[in-house]
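A short worksheet on the structure shown next.
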Amino acid sequence: MNMDIQTASFLVAALGGFLGAASFAWQVLHYVLTGGRIRVRLRLGFMGADESTLVTQDPKAFTEAQVQRLADQGFVHRLAVVEVVNKGRMPVTVQRWGVRASPGASIHPIGDSIGPQLPHRLDVGESATWAVAWNSAFALREASKALSDGRPVRLRGVAELADGRPKKSREYL
């Protein structure tokens with residue numbers, strides 16, 4: 001009989017421990033998933049000569065033939081494009097955006113930037129797109145190559161939230 005009480009006590013204690021751990025995990029998950037969360041994408045873009053249309057795509061998806069076809073259709077201005085999407089459950093404020101090289105140097109366009117004025121509030125589910133002339137991003141990459149001692153240099157899009165958190169894109173050039 002004594003063994004049955006010990007077994008029952010152990011099972012109740014194990015169940016309590018499991019429920020406590022599950023509750024703790026849920027609280028951590030809830031904390032992480034609430035609030036502002038953004039996704040940053042780096043795109044290669046082309047703007048038409050009339051500057052009213054922007055075509056963007058993953059940088060690795062463009063071929064030279066596609067670039068030439070776009071140029072033939074009047075999309076002559078090559079751009080580095082950063083798209084920011086609010087995928088969280090609270091609004092976020094994008095304080096600044098830019099393009100960052102893998103060794104750490106970055107550009108944060110101010111005057112020659114295309115897109116909403118900063119700081120920019122993104123409500124839940126909203127997105128915003130900023131762009132800068134490809135020449136600026138290319139110059140950053142070339143300067144970073146000179147400083148990298150032969151290591152490969154990758155450019156990533158970056159957005160900084162008002163609370164100071166930076167988020168980089170998965171895509172790179």
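Chain labels A, B, ... are given in the sequence in which chains occur in the structure tokens; within each chain residues are numbered consecutively from 1, and ligands are likewise numbered from 1 in the order shown.
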
* Step one, run DSSP on the backbone; step two, keep only residues of range 10-138 of chain A assigned to strand (DSSP E); then write them as an MDAnalysis selection string. => chainID A and resid 38:48 54:57 75:86 92:101 106:107 120:122 127:133

If you take only C-alpha atoms and a cut-off of 12 Å, which residues of range 121-140 of chain A touch range 55-63 of chain A, and what are their nearest atom pairs and distances in Å to one decimal, in chain and number order, as JSON lines?
```
{"residue": "A:Thr129", "atom": "CA", "partner": "A:Thr56", "partner_atom": "CA", "distance": 10.3}
{"residue": "A:Trp130", "atom": "CA", "partner": "A:Thr56", "partner_atom": "CA", "distance": 11.4}
{"residue": "A:Ala131", "atom": "CA", "partner": "A:Thr56", "partner_atom": "CA", "distance": 10.3}
{"residue": "A:Trp134", "atom": "CA", "partner": "A:Pro59", "partner_atom": "CA", "distance": 11.9}
```

* Within 8 Å of range 74-84 of chain A, counting only C-alpha atoms, which residues qualify if same-chain residues fewer than 4 places away don't, as a ChimeraX atom specification? -> /A:38-49,56,70,97-98,127-135,137,157-159

* Which neighbours of Ser144 in chain A fall inside 9 Å, counting only C-alpha atoms, when residues of the same chain fewer than 2 positions from it are skipped, and could you give them as number ranges by chain? -> A: 101-105, 139-142, 146-148, 153

Would you export the selected residues with C-alpha atoms as a PDB file, in the first residue's frame, please?
```
ATOM      1  CA  ALA A 101      28.395  44.852 -45.962  1.00  0.00           C
ATOM      2  CA  SER A 102      29.547  41.648 -44.253  1.00  0.00           C
ATOM      3  CA  PRO A 103      32.679  43.234 -42.706  1.00  0.00           C
ATOM      4  CA  GLY A 104      30.424  45.776 -40.990  1.00  0.00           C
ATOM      5  CA  ALA A 105      30.458  48.948 -43.097  1.00  0.00           C
ATOM      6  CA  ALA A 139      30.544  51.494 -54.109  1.00  0.00           C
ATOM      7  CA  LEU A 140      29.997  50.135 -50.573  1.00  0.00           C
ATOM      8  CA  ARG A 141      30.741  46.612 -51.784  1.00  0.00           C
ATOM      9  CA  GLU A 142      33.903  47.685 -53.577  1.00  0.00           C
ATOM     10  CA  ALA A 146      39.381  46.613 -50.145  1.00  0.00           C
ATOM     11  CA  LEU A 147      39.032  46.350 -46.350  1.00  0.00           C
ATOM     12  CA  SER A 148      38.184  42.649 -46.135  1.00  0.00           C
ATOM     13  CA  VAL A 153      31.791  40.550 -49.175  1.00  0.00           C
TER      14      VAL A 153
END
```

* Between CA of Leu161 in chain A and CA of Arg96 in chain A - distance in Å to one decimal ->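 Computed distance, CA of Arg96 in chain A to CA of Leu161 in chain A, equals 7.2 Å.
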
* So which residues of range 17-142 of chain A fall under alpha helix (DSSP H) by DSSP, listed as a PyMOL selection string? -> chain A and resi 17-33+64-72+134-142

* **Best match for closeness to Val99 in chain A among A:Gly150, A:Pro166, A:Gly111, A:Gly20, counting only C-alpha atoms** =>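 When distances to Val99 in chain A are compared using only C-alpha atoms, the smallest one comes from A:Pro166.
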